[in-house]
Amino acid sequence: MNYWLVKSEPEEFGYDDLEKAEKSMWEGVRNYQARNNLRAMAEGDQVLFYHSRQGLEIVGIAKVVTEAYPDPTAEKGDWSVVDLAPVRRLKQAVSLQEIKSREELEELGLVRNPRLSVMPIPDEAYQLILKMGGE
DNA sequence: GCCAACGTTGGC
DNA sequence: GCCAACGTTGGC
């Protein structure tokens with residue numbers, strides 16, 4: 001299984017919206033690197049859900065329920081979406097500050113390229129973040 | 001194919 | 001709300 005992280009502004013679509021929706025098409029990614037990451041996701045992969053702009057913390061875990069398919073909201077170009085479903089909230093959200101303060105997480109995409117909206121998370125980093133989240 | 005200009009993202 | 005960093009666009 002692979003691990004990922006997606007970012008969303010809670011005002012636009014936060015983790016509570018995902019819980020309410022039960023399942024959500026992850027639409028609107030218009031960055032090639034992020035798109036390629038979407039395409040690399042497999043059904044069942046786990047996805048950390050990060051709140052950008054407001055919150056600045058990882059609030060919960062989602063999972064991939066449908067692998068990449070063409071983005072129906074794309075008017076032109078070759079874009080993809082996956083379907084995500086909520087798994088559970090972290091007992092405590094893991095803030096960007098905490099992540100930045102961890103030497104082991106220095107290489108994380110979230111720190112190195114804060115503008116990438118879909119990124120892979122190495123196994124060890126994933127486990128550490130869950131631990132930081134009180135799991 | 002280079003690079004300046006522009007648009008967008010997201011931390012602060 | 002500002003602005004730095006990054007990606008994309010388009011003129012040459």
# chains A, B, ... in the order shown; residues from 1 in each chain; ligands from 1
$ residues_around --residues "Asp45 of chain A" --least-positions-apart "6" --cutoff "12 Å" --atoms "only C-alpha atoms (C1' of nucleotides)" --output "ChimeraX atom specification"
/A:1-5,37-39,61-67,82-87,120-121,123,126
$ select_by_dssp --residues "chain A" --states "strand (DSSP E)" --output "compact mmCIF listing (two decimals) with C-alpha atoms, in the first residue's frame"
# COMPACT_ATOMS: atom_id res chain seq x y z
CA TYR A 3 0.52 6.67 1.28
CA TRP A 4 -0.33 10.14 0.07
CA LEU A 5 -1.27 13.58 1.25
CA VAL A 6 -3.84 15.90 -0.27
CA LYS A 7 -4.42 19.52 0.56
CA SER A 8 -7.65 21.38 0.66
CA SER A 24 -15.89 12.63 -2.97
CA MET A 25 -14.43 13.04 -6.42
CA GLN A 46 -4.38 5.85 2.49
CA VAL A 47 -4.39 9.60 2.16
CA LEU A 48 -3.59 12.20 4.78
CA PHE A 49 -5.97 15.12 4.62
CA TYR A 50 -4.34 18.50 5.15
CA HIS A 51 -6.08 21.82 5.67
CA GLU A 57 -2.76 20.86 9.92
CA ILE A 58 -3.36 17.27 8.99
CA VAL A 59 -6.78 16.50 10.35
CA GLY A 60 -7.63 13.02 9.20
CA ILE A 61 -7.17 10.01 7.00
CA ALA A 62 -8.98 9.23 3.79
CA LYS A 63 -8.68 6.34 1.40
CA VAL A 64 -8.77 5.90 -2.33
CA VAL A 65 -12.00 4.17 -3.33
CA THR A 66 -11.71 4.64 -7.09
CA GLU A 67 -8.48 4.86 -9.03
CA ALA A 68 -7.77 7.69 -11.46
CA TYR A 69 -10.24 8.41 -14.24
CA PRO A 70 -10.67 11.47 -16.50
CA SER A 80 -7.54 13.04 -13.74
CA VAL A 81 -9.51 12.57 -10.56
CA VAL A 82 -9.77 9.86 -7.95
CA ASP A 83 -12.60 9.19 -5.51
CA LEU A 84 -11.81 9.54 -1.82
CA ALA A 85 -13.74 8.42 1.22
CA PRO A 86 -13.12 9.38 4.86
CA VAL A 87 -11.52 6.80 7.15
CA ARG A 88 -11.17 8.60 10.46
CA ARG A 89 -10.02 11.81 12.04
CA LEU A 90 -6.72 11.86 13.86
CA LYS A 91 -7.14 11.99 17.63
CA GLN A 92 -5.21 15.22 17.47
CA ALA A 93 -4.50 17.21 14.34
CA VAL A 94 -0.84 17.39 13.36
CA SER A 95 0.15 20.96 12.61
CA VAL A 118 -1.10 15.95 -4.03
CA MET A 119 2.07 14.24 -2.89
CA PRO A 120 3.42 10.85 -1.88
CA ILE A 121 4.30 10.23 1.77
$ closest_atom_pairs --of "chain A" --to "chain B" --cutoff "12 Å" --atoms "only C-alpha atoms (C1' of nucleotides)" --output "JSON lines"
{"residue": "A:Lys7", "atom": "CA", "partner": "B:DG10", "partner_atom": "C1'", "distance": 10.3}
{"residue": "A:Ser8", "atom": "CA", "partner": "B:DG10", "partner_atom": "C1'", "distance": 10.5}
{"residue": "A:Glu9", "atom": "CA", "partner": "B:DG10", "partner_atom": "C1'", "distance": 9.5}
{"residue": "A:Arg30", "atom": "CA", "partner": "B:DT8", "partner_atom": "C1'", "distance": 10.7}
{"residue": "A:Asn31", "atom": "CA", "partner": "B:DT8", "partner_atom": "C1'", "distance": 10.9}
{"residue": "A:His51", "atom": "CA", "partner": "B:DG10", "partner_atom": "C1'", "distance": 10.5}
{"residue": "A:Ser52", "atom": "CA", "partner": "B:DG10", "partner_atom": "C1'", "distance": 6.8}
{"residue": "A:Arg53", "atom": "CA", "partner": "B:DG10", "partner_atom": "C1'", "distance": 5.8}
{"residue": "A:Gln54", "atom": "CA", "partner": "B:DG10", "partner_atom": "C1'", "distance": 9.5}
{"residue": "A:Gly55", "atom": "CA", "partner": "B:DG11", "partner_atom": "C1'", "distance": 11.1}
{"residue": "A:Leu56", "atom": "CA", "partner": "B:DG11", "partner_atom": "C1'", "distance": 8.7}
{"residue": "A:Leu96", "atom": "CA", "partner": "B:DG11", "partner_atom": "C1'", "distance": 9.8}
{"residue": "A:Gln97", "atom": "CA", "partner": "B:DG11", "partner_atom": "C1'", "distance": 10.8}
{"residue": "A:Leu110", "atom": "CA", "partner": "B:DG10", "partner_atom": "C1'", "distance": 11.0}
{"residue": "A:Val111", "atom": "CA", "partner": "B:DG11", "partner_atom": "C1'", "distance": 10.7}
{"residue": "A:Asn113", "atom": "CA", "partner": "B:DG10", "partner_atom": "C1'", "distance": 10.6}
{"residue": "A:Pro114", "atom": "CA", "partner": "B:DG10", "partner_atom": "C1'", "distance": 7.2}
{"residue": "A:Arg115", "atom": "CA", "partner": "B:DT9", "partner_atom": "C1'", "distance": 5.8}
{"residue": "A:Leu116", "atom": "CA", "partner": "B:DT9", "partner_atom": "C1'", "distance": 8.6}
{"residue": "A:Ser117", "atom": "CA", "partner": "B:DT9", "partner_atom": "C1'", "distance": 9.1}
$ atom_distance --atom1 "atom CA of Leu18 of chain A" --atom2 "atom CA of Ile129 of chain A"
20.4 Å
$ atom_distance --atom1 "atom CA of Ala74 of chain A" --atom2 "atom CA of Glu19 of chain A"
24.8 Å
